[in-house]
Amino acid sequence: MISQVFILSSKGDHLIYKDFRGEAGCDAVNKFYEMVTTLTGDQPPVVMKHKELHYVHIRQGGLYWVATTKADSSPFTIIEFLNRLTALIKDYCGCLSEKSVRMNFALIYEVLDEVVDFGYIQTTSTDILKNFIQTEAVSAKPLSLFDLSNVGLFGADTQQNKVAPSVAATRPIMSSRGEQGGKNEIFVDVIERISVVIGANGVLMKADIEGEIRVKCYMPSCSEMRIGLNEEFSIGKSQLRGYGAAVRVDECSFHQAVRLDEFDTYRILKLCPSQGEQTVMQYQLCDDLPTAPPFRLFSSIERDTGGRLLIYLKLRCDLPPKRSVLHLNNNPALPLFSYSLFSSLSQELSSPDQSAELQPQNKAVHWEIPRFPGGAQLSALFKLEVPGLSSASLQEVGSISLSFELPKYTCTGLQIRFLRLSPIQPGASQRWVRYVTHSDSYTIRI
């Protein structure tokens, strides 16, 4: 049973507030933001309590999505409800951002009225709700082309003739009354997140991949969609299929609407897509990588005659030359001194488009590379003024964490063979298949 639902910006601005039962006052919103901002640590607890009121929240699109309850409700149920609510708002508004919520506040209030009745969840189905929602969405241009939560999969640097524009998948779903003149399009996105730990000797210590196939449909009617995967796709190590390079995962799960009668034989997924976004398949691969890790690092840590800390890094991209990594960020951890002792940073970078800055409070150097072609290598020399630096302090230089986006590439090798719709859609329709790999946690020890 839900008492309130409200949406806050990252600065604490009240965007949406809905009280279903009158059990708690409006001051609950300010109290929640006060608790979030006063807590130490990067991530506040998902579930918090003040007096008799329980706060459950998630963070999506740079916003706080919060539900409160006084009943003894399952927090997992409320978390699932908030996730489905954000998916609904994304379907109807096109993207999740502060601007989009402000421009579509009337639509969001109407969705909340249909989804929750006196604190009880009624439905979160897009197909059911589109028959009752009357307010038209106002499309909001994403705030940043490099914010993946707002614009879809790719940034501006990856838009080519064979790639759908980023903003194509961020418009609202078509109205059931047919008043919106959008294109008949369907997007199938293969998204993977890689977690890697590489030792100081270059040996791969841990490698995990989590992936999903996500479908977003803008077609008013589609009785069946068939998605063909690699014929060599296998689950587990016991059975290898096909004649090409094996594409293997350890675990795999499917949406309840997916029919698997042709999956075991032909590796075909069949479903009737509803308007909006849904995840049709999730998979995981643990402690194994079909190919070498995308990056290799060569480092040197020294102290010069003037007592400065010298950090030399050479980063090599082991991807094919046709591939490019976008938005690569490197963060070498510095010795455990008080951040007030890091007085200055001088740098020598191998290309002018790179940038670096000292982050004393995080005890790290932030090295940013906007685009990194496959087969290339880049280097950087950082010189830091650290009073009282000793030889023992050199051993305290920590690991390097990398964050990046790799478009048109999957680490597992999973590919979409074909995408077929039946019956054949009248008029012009477009089908887009897109691939992207994100770094979830990529750590290299030095």
# chains A, B, ... in the order shown; residues from 1 in each chain; ligands from 1

call {"tool": "residues_around", "arguments": {"residues": "Arg84 (chain A)", "least_positions_apart": "5", "cutoff": "12 Å", "atoms": "only C-alpha atoms", "output": "MDAnalysis selection string"}}
result
chainID A and resid 58 60 65 77:79 89:91 111:112 115 121 123:126 276:279

call {"tool": "select_by_dssp", "arguments": {"residues": "region 183-238 of chain A", "states": "strand (DSSP E or B)", "output": "PyMOL selection string"}}
result
chain A and resi 184-198+204-217+224-229+233-235

call {"tool": "write_last_selection", "arguments": {"atoms": "C-alpha atoms", "output": "short mmCIF file (atom, residue, chain, number, x, y, z; two decimals), in the first residue's frame"}}
result
data_model
loop_
_atom_site.label_atom_id
_atom_site.label_comp_id
_atom_site.auth_asym_id
_atom_site.auth_seq_id
_atom_site.Cartn_x
_atom_site.Cartn_y
_atom_site.Cartn_z
CA ASN A 184 6.26 3.07 -37.89
CA GLU A 185 9.56 1.98 -36.34
CA ILE A 186 10.83 -0.75 -34.09
CA PHE A 187 14.19 -0.75 -32.26
CA VAL A 188 16.01 -3.85 -31.06
CA ASP A 189 18.94 -2.95 -28.81
CA VAL A 190 21.58 -5.42 -27.65
CA ILE A 191 23.17 -3.86 -24.56
CA GLU A 192 26.07 -5.38 -22.62
CA ARG A 193 27.84 -4.26 -19.44
CA ILE A 194 31.31 -5.57 -18.76
CA SER A 195 33.07 -5.91 -15.39
CA VAL A 196 36.81 -6.61 -15.52
CA VAL A 197 39.69 -6.75 -13.03
CA ILE A 198 43.22 -6.97 -14.49
CA LEU A 204 42.89 -11.20 -16.31
CA MET A 205 41.63 -11.88 -12.77
CA LYS A 206 37.87 -11.40 -13.24
CA ALA A 207 35.57 -10.90 -16.20
CA ASP A 208 31.77 -10.77 -16.07
CA ILE A 209 29.32 -9.70 -18.76
CA GLU A 210 25.65 -8.89 -18.23
CA GLY A 211 23.53 -8.28 -21.31
CA GLU A 212 19.99 -7.78 -22.46
CA ILE A 213 17.95 -7.52 -25.62
CA ARG A 214 15.58 -4.58 -25.40
CA VAL A 215 12.72 -3.86 -27.80
CA LYS A 216 11.01 -0.52 -28.25
CA CYS A 217 8.01 -0.57 -30.55
CA GLU A 224 4.16 -11.25 -34.17
CA MET A 225 7.85 -10.41 -34.24
CA ARG A 226 10.57 -12.99 -34.85
CA ILE A 227 14.12 -12.27 -33.66
CA GLY A 228 16.80 -14.62 -34.94
CA LEU A 229 19.98 -14.97 -32.85
CA PHE A 233 24.40 -19.33 -29.51
CA SER A 234 24.62 -21.79 -26.61
CA ILE A 235 23.71 -21.67 -22.92
#

call {"tool": "atom_distance", "arguments": {"atom1": "CA of Asn329 (chain A)", "atom2": "CA of Glu405 (chain A)"}}
result
9.9 Å

call {"tool": "residues_around", "arguments": {"residues": "Thr291 (chain A)", "least_positions_apart": "6", "cutoff": "10 Å", "atoms": "only C-alpha atoms", "output": "JSON, numbers by chain"}}
result
{"A": [318, 319, 411, 412, 413]}

call {"tool": "write_last_selection", "arguments": {"atoms": "N, CA and C atoms", "output": "mmCIF file, in the first residue's frame"}}
result
data_model
loop_
_atom_site.group_PDB
_atom_site.id
_atom_site.type_symbol
_atom_site.label_atom_id
_atom_site.label_comp_id
_atom_site.auth_asym_id
_atom_site.auth_seq_id
_atom_site.Cartn_x
_atom_site.Cartn_y
_atom_site.Cartn_z
ATOM 1 N N ASP A 318 42.946 -2.670 -27.823
ATOM 2 C CA ASP A 318 43.137 -3.909 -28.571
ATOM 3 C C ASP A 318 41.921 -4.298 -29.400
ATOM 4 N N LEU A 319 41.087 -3.348 -29.761
ATOM 5 C CA LEU A 319 39.941 -3.620 -30.616
ATOM 6 C C LEU A 319 40.361 -3.532 -32.078
ATOM 7 N N CYS A 411 30.732 -7.851 -26.542
ATOM 8 C CA CYS A 411 31.871 -8.653 -26.112
ATOM 9 C C CYS A 411 31.597 -10.149 -26.240
ATOM 10 N N THR A 412 30.345 -10.560 -26.088
ATOM 11 C CA THR A 412 30.010 -11.985 -26.212
ATOM 12 C C THR A 412 29.938 -12.432 -27.662
ATOM 13 N N GLY A 413 29.779 -11.500 -28.586
ATOM 14 C CA GLY A 413 29.602 -11.860 -29.979
ATOM 15 C C GLY A 413 28.164 -12.097 -30.375
#

call {"tool": "atom_distance", "arguments": {"atom1": "CA of Phe20 (chain A)", "atom2": "CA of Ala106 (chain A)"}}
result
16.6 Å

call {"tool": "residues_around", "arguments": {"residues": "region 389-404 of chain A", "least_positions_apart": "2", "cutoff": "7 Å", "atoms": "only C-alpha atoms", "output": "compact mmCIF listing (two decimals) with N, CA, C and O atoms, in the first residue's frame"}}
result
# COMPACT_ATOMS: atom_id res chain seq x y z
N ILE A 301 55.51 4.34 -12.10
CA ILE A 301 55.34 5.27 -10.97
C ILE A 301 56.73 5.58 -10.41
O ILE A 301 57.46 4.68 -9.99
N GLY A 307 61.22 15.73 -5.84
CA GLY A 307 60.23 15.22 -4.90
C GLY A 307 58.83 15.13 -5.46
O GLY A 307 57.87 14.88 -4.71
N VAL A 325 36.19 3.61 -29.36
CA VAL A 325 35.62 3.74 -28.03
C VAL A 325 35.29 5.22 -27.80
O VAL A 325 36.08 6.10 -28.16
N LEU A 326 34.13 5.47 -27.20
CA LEU A 326 33.69 6.83 -26.94
C LEU A 326 33.68 7.12 -25.45
O LEU A 326 33.42 6.23 -24.64
N HIS A 327 33.97 8.37 -25.11
CA HIS A 327 33.83 8.88 -23.75
C HIS A 327 34.62 8.03 -22.75
O HIS A 327 34.09 7.57 -21.74
N LEU A 328 35.89 7.78 -23.04
CA LEU A 328 36.74 6.99 -22.15
C LEU A 328 37.25 7.89 -21.03
O LEU A 328 37.87 8.93 -21.28
N ASN A 329 37.03 7.46 -19.77
CA ASN A 329 37.49 8.19 -18.60
C ASN A 329 38.39 7.29 -17.78
O ASN A 329 38.03 6.15 -17.45
N ASN A 330 39.58 7.79 -17.43
CA ASN A 330 40.53 7.06 -16.60
C ASN A 330 40.70 7.81 -15.29
O ASN A 330 40.82 9.03 -15.27
N ASN A 331 40.75 7.05 -14.19
CA ASN A 331 40.88 7.68 -12.87
C ASN A 331 41.94 6.95 -12.06
O ASN A 331 41.63 6.02 -11.31
N PRO A 332 43.22 7.32 -12.21
CA PRO A 332 44.25 6.72 -11.35
C PRO A 332 44.10 7.21 -9.90
O PRO A 332 43.95 8.41 -9.65
N ALA A 333 44.11 6.28 -8.97
CA ALA A 333 43.99 6.63 -7.54
C ALA A 333 45.36 7.04 -7.01
O ALA A 333 46.38 6.42 -7.30
N LEU A 334 45.37 8.09 -6.19
CA LEU A 334 46.61 8.66 -5.67
C LEU A 334 46.89 8.14 -4.26
O LEU A 334 46.03 7.53 -3.63
N PRO A 335 48.10 8.37 -3.74
CA PRO A 335 48.41 7.93 -2.38
C PRO A 335 47.45 8.52 -1.35
O PRO A 335 46.82 9.56 -1.57
N LEU A 336 47.36 7.87 -0.22
CA LEU A 336 46.35 8.20 0.79
C LEU A 336 46.79 9.37 1.66
O LEU A 336 46.82 9.28 2.88
N VAL A 386 53.60 16.78 -4.23
CA VAL A 386 53.10 16.15 -3.01
C VAL A 386 54.15 16.34 -1.92
O VAL A 386 55.18 15.65 -1.92
N PRO A 387 53.96 17.26 -1.01
CA PRO A 387 54.95 17.45 0.07
C PRO A 387 55.07 16.19 0.93
O PRO A 387 54.08 15.52 1.24
N LEU A 406 31.20 1.60 -25.95
CA LEU A 406 31.69 0.97 -27.16
C LEU A 406 30.51 0.65 -28.08
O LEU A 406 29.81 -0.35 -27.87
N HIS A 438 28.86 -1.17 -22.49
CA HIS A 438 29.23 -0.18 -21.47
C HIS A 438 30.17 -0.84 -20.46
O HIS A 438 30.15 -2.05 -20.25
N SER A 439 30.99 -0.03 -19.85
CA SER A 439 31.81 -0.52 -18.75
C SER A 439 31.02 -0.39 -17.45
O SER A 439 30.59 0.70 -17.09
N TYR A 442 35.55 -1.49 -14.69
CA TYR A 442 36.74 -1.92 -15.42
C TYR A 442 37.95 -1.38 -14.65
O TYR A 442 38.25 -0.20 -14.68
N THR A 443 38.64 -2.27 -13.96
CA THR A 443 39.72 -1.89 -13.04
C THR A 443 41.02 -2.54 -13.48
O THR A 443 41.06 -3.75 -13.74
N ILE A 444 42.08 -1.73 -13.54
CA ILE A 444 43.42 -2.23 -13.87
C ILE A 444 44.33 -1.86 -12.70
O ILE A 444 44.48 -0.68 -12.36
N ARG A 445 44.93 -2.85 -12.10
CA ARG A 445 45.85 -2.60 -10.99
C ARG A 445 47.24 -2.28 -11.50
O ARG A 445 47.71 -2.83 -12.50
N ILE A 446 47.92 -1.36 -10.81
CA ILE A 446 49.25 -0.94 -11.22
C ILE A 446 50.23 -1.09 -10.07
O ILE A 446 49.83 -1.30 -8.92

call {"tool": "atom_distance", "arguments": {"atom1": "CA of Met103 (chain A)", "atom2": "CA of Ser221 (chain A)"}}
result
28.2 Å

call {"tool": "closest_residue", "arguments": {"among": "A:Gly199, A:Pro290, A:Gly12, A:Pro360", "to": "Tyr33 (chain A)", "atoms": "only C-alpha atoms"}}
result
A:Gly12
